[in-house]
Amino acid sequence: MTTAYRTVIGLETHVQLRTGSKMFCGCAADYANARPNTHVCPVCLGMPGVLPVINREAVDHTIRTGLALNCEIPEYAKFDRKNYAYPDLMKWYQISQYDLPLCVNGHFDVEVDGATTRVGITRVHLEEDTARLTHVTAADGAPASLIDVNRSGAPLMEIVSEPDIQTPAEAMAYGEKLRALLRWIGVSTANMEDGALRIDANISVWPQGEPIGDVKVEVKNMNSFRSLGRALAFETERQTGRRERGQPIEQETRGWDESAGVTRSQRTKEYAHDYRYFPEPDLPPLHVTRQRVDTLRAALPRMPDQVAADLVDQGAPQADVAELVQDRPLTDYALAVIEAGASAGEAVTWIVHELRRALNAHAATRCASGSGDSSALPPSPSQGEGRGEGRPPTNRPGPGTTIPIPPTEIAALLALRARGAVSSTMAGEVLDEMFATGKSARAIVEARGPQISGQHELLAIARQVIEENPQAVQDYRDGKGRAIQYLMGQVMRITRGKANPGAVSALIRTELDSAR
Amino acid sequence: MSIDRSQVDHAADLARLELSDDERERLRGELGQILQAFEALNTLDTEHIPPTAQVIPLGNVERDDRVADSLPLDAVLHNAPRVEDGQIRVPPVLDES
């Protein structure tokens with residue numbers, strides 16, 4: 001008899017906040033692009049006698065995140081010291097939040113294969129990042145660790161989920177959707193490869209029907225959503241195996257080894273979690289007024305789930321919409337194209353597929369030629385947020401999209417296509433030309449001349465294609481509908497997309513059927 | 001309340017302090033006295049006193065997100081036990097993070 005098991009997963013997500021300065025001092029928070037130890041002052045260096053001062057924008061970002069995750073924002077919050085000794089921690093304590101965090105009791109809905117899971121959000125709290133350690137062989141040949149203090153004190157937000165996740169796929173969906181949300185509300189670049197988003201997992205496996213116990217394994221070192229999924233799949237299997245063999249599961253921290261594809265126990269001493277939290281005496285508590293919360297709530301953009309639901313209601317395909325709302329600038333662009341008269345379905349699908357293809361091709365060309373380009377669009381909303389004080393945030397921008405073509409032009413191109421004035425294939429080429437030359441869709445289409453719809457011309461081409469593709473013709477006769485698409489594609493290729501697709505399709509069918 | 005040697009060792013371990021036997025014994029006495037002082041507080045009736053983490057009547061001390069100057073590199077590294085390549089060099093540690 002086989003016992004069924006269930007997997008219980010909770011995620012802890014660390015997010016670097018997009019601020020100009022650090023959490024408790026005025027040093028620039030942008031550590032990634034700076035020479036080591038050049039964004040450092042006595043506060044983030046942990047010198048005796050210094051006093052931290054809370055960065056208001058970091059608190060606001062945390063509250064924004066809490067609101068986006070449907071959290072309660074308690075009226076009273078405070079900071080605490082988390083004590084541990086490690087060379088990356090300059091003061092030997094980290095200022096964090098222990099029992100009174102900024103946000104509590106939220107939830108976040110994630111979708112896997114059409115099924116929605118509501119994941120509870122236990123808390124969102126604010127803390128400071130640690131210094132960066134690198135392990136090297138020093139110039140004298142001895143092994144050493146080097147400390148770059150630039151990251152020390154950078155604002156770091158931690159989002160703790162309830163153990164409501166049951167599969168690696170759900171964990172990945174949670175991570176991907178959370179990343180999109182953080183970018184959407186502009187609080188972080190949320191780039192995993194830069195360490196701006198780091199996800200640790202708590203996972204345990206229990207016999208079905210039995211209560212869930214206290215023991216859990218913490219898994220770390222996942223540097224991508226893919227490794228998150230792989231690590232959790234590995235752990236699920238490892239722990240299930242131990243259960244089946246009647247072996248206990250030990251509470252421990254395990255590190256994911258990407259190249260070996262396994263988790264390994266990180267031998268931690270027994271006192272590793274003896275953090276001796278106590279209230280941070282150097283920071284007065286925060287009384288979060290309802291007015292502050294209301295102001296932040298009112299300034300939040302509509303959430304991606306709402307925008308997506310609207311677009312689906314307007315007839316856009318679910319899958320394309322899900323893709324679109326990963327990217328807020330692109331979503332805003334699509335909304336502007338719809339506003340300019342395009343249908344939601346056409347605009348979304350076309351932007352997700354064709355416009356993004358053209359954008360990537362265009363970006364590649366620009367990079368190759370090294371020329372800059374000023375955007376016709378307003379800057380990414382996330383970059384425009386903030387209090388307008390001091391220097392703008394210097395963290396690297398997220399993968400926002402700046403599109404040098406006004407949305408009205410895309411709407412115009414889609415209208416030309418809808419009228420049949422350009423074929424779908426040709427529309428893609430027109431778009432490329434719009435990127436390259438900056439000309440309007442209408443001007444390009446007019447310069448290209450009218451579509452080939454003259455029966456004589458098209459008939460000759462269709463016959464040529466039929467003659468050259470006996471296999472496709474046979475497939476068509478065998479009832480394979482797709483063969484006609486192939487033949488159409490050949491005609492479009494020869495006509496460079498200038499043929500009317502409806503006319504071509506009809507012509508090929510007539511030719512094939514009459515020759516039978 | 002007194003504390004035993006293993007508690008002293010544990011605290012020393014957490015603080016990464018290496019203590020001699022004499023120091024351990026002296027600290028055992030001193031730490032015990034500190035705990036005794038706190039135990040005196042336990043005799044007070046605090047039933048109706050809200051817990052506080054702060055003795056100064058302040059709240060919401062926040063600053064604008066404005067970047068200020070940092071220290072020059074030589075000042076940052078001034079107190080470093082060893083310097084290598086513009087960074088603080090310490091004995092090798094296993095990366096547990």
# chains A, B, ... in the order shown; residues from 1 in each chain; ligands from 1
call {"tool": "select_by_dssp", "arguments": {"residues": "segment 253-296 of chain A", "states": "strand (DSSP E)", "output": "list in words"}}
result
Thr253, Arg254, Gly255, Trp256, Asp257, Val262, Thr263, Arg264, Ser265, Phe278, Pro279, Leu286 and His287 of chain A
call {"tool": "write_last_selection", "arguments": {"atoms": "C-alpha atoms", "output": "PDB file, in the first residue's frame"}}
result
ATOM      1  CA  THR A 253      18.869  24.775   6.237  1.00  0.00           C
ATOM      2  CA  ARG A 254      19.814  23.336   2.872  1.00  0.00           C
ATOM      3  CA  GLY A 255      21.484  25.095  -0.012  1.00  0.00           C
ATOM      4  CA  TRP A 256      20.523  24.469  -3.622  1.00  0.00           C
ATOM      5  CA  ASP A 257      23.440  23.356  -5.789  1.00  0.00           C
ATOM      6  CA  VAL A 262      20.587  18.777  -5.402  1.00  0.00           C
ATOM      7  CA  THR A 263      20.064  20.484  -2.059  1.00  0.00           C
ATOM      8  CA  ARG A 264      22.798  20.039   0.512  1.00  0.00           C
ATOM      9  CA  SER A 265      22.677  20.461   4.245  1.00  0.00           C
ATOM     10  CA  PHE A 278      15.082  43.243  21.139  1.00  0.00           C
ATOM     11  CA  PRO A 279      13.549  46.638  20.305  1.00  0.00           C
ATOM     12  CA  LEU A 286       6.235  54.494  13.698  1.00  0.00           C
ATOM     13  CA  HIS A 287       2.657  55.624  14.139  1.00  0.00           C
TER      14      HIS A 287
END
call {"tool": "interface_residues", "arguments": {"of": "chain A", "to": "chain B", "cutoff": "8 Å", "atoms": "only C-alpha atoms", "output": "PyMOL selection string"}}
result
chain A and resi 19-21+26-28+36-42+45+53-57+84-85+87+135+138-139+143-148+266+271+279-281+283-287+389-391
call {"tool": "residues_around", "arguments": {"residues": "segment 166-171 of chain A", "least_positions_apart": "6", "cutoff": "12 Å", "atoms": "only C-alpha atoms", "output": "PyMOL selection string"}}
result
chain A and resi 5-13+108-119+177-178+199-206+224-237
call {"tool": "closest_residue", "arguments": {"among": "A:Asp214, A:Asp30, A:Glu339, A:Ile121", "to": "Asp194 of chain A", "atoms": "only C-alpha atoms"}}
result
A:Asp30
call {"tool": "atom_distance", "arguments": {"atom1": "atom CA of Arg132 of chain A", "atom2": "atom CA of Asn223 of chain A"}}
result
16.2 Å
call {"tool": "atom_distance", "arguments": {"atom1": "atom CA of Ala499 of chain A", "atom2": "atom CA of Pro407 of chain A"}}
result
26.1 Å
call {"tool": "select_by_dssp", "arguments": {"residues": "segment 111-337 of chain A", "states": "helix (DSSP H, G or I)", "output": "ChimeraX atom specification"}}
result
/A:149-151,168-184,192-194,225-244,270-273,290-299,304-313,318-324,328-337
call {"tool": "residues_around", "arguments": {"residues": "segment 17-31 of chain B", "least_positions_apart": "6", "cutoff": "9 Å", "atoms": "only C-alpha atoms", "output": "list in words"}}
result
Ser2, Ile3, Asp4, Arg5, Gln7, Val8, Asp9 and Ala11 of chain B
call {"tool": "closest_residue", "arguments": {"among": "A:Arg276, A:Arg198, A:Arg179, A:Arg238", "to": "Val217 of chain A", "atoms": "only C-alpha atoms"}}
result
A:Arg238
call {"tool": "residues_around", "arguments": {"residues": "Leu17 of chain A", "least_positions_apart": "6", "cutoff": "7 Å", "atoms": "only C-alpha atoms", "output": "VMD selection string"}}
result
chain A and resid 58 155 to 157 187 to 188
call {"tool": "write_last_selection", "arguments": {"atoms": "C-alpha atoms", "output": "PDB file, in the first residue's frame"}}
result
ATOM      1  CA  ALA A  58      11.345  52.878   2.083  1.00  0.00           C
ATOM      2  CA  PRO A 155      16.649  49.027   2.202  1.00  0.00           C
ATOM      3  CA  LEU A 156      15.404  45.464   2.111  1.00  0.00           C
ATOM      4  CA  MET A 157      11.791  44.349   2.377  1.00  0.00           C
ATOM      5  CA  VAL A 187       8.889  49.572  -5.518  1.00  0.00           C
ATOM      6  CA  SER A 188      11.725  47.440  -6.880  1.00  0.00           C
TER       7      SER A 188
END
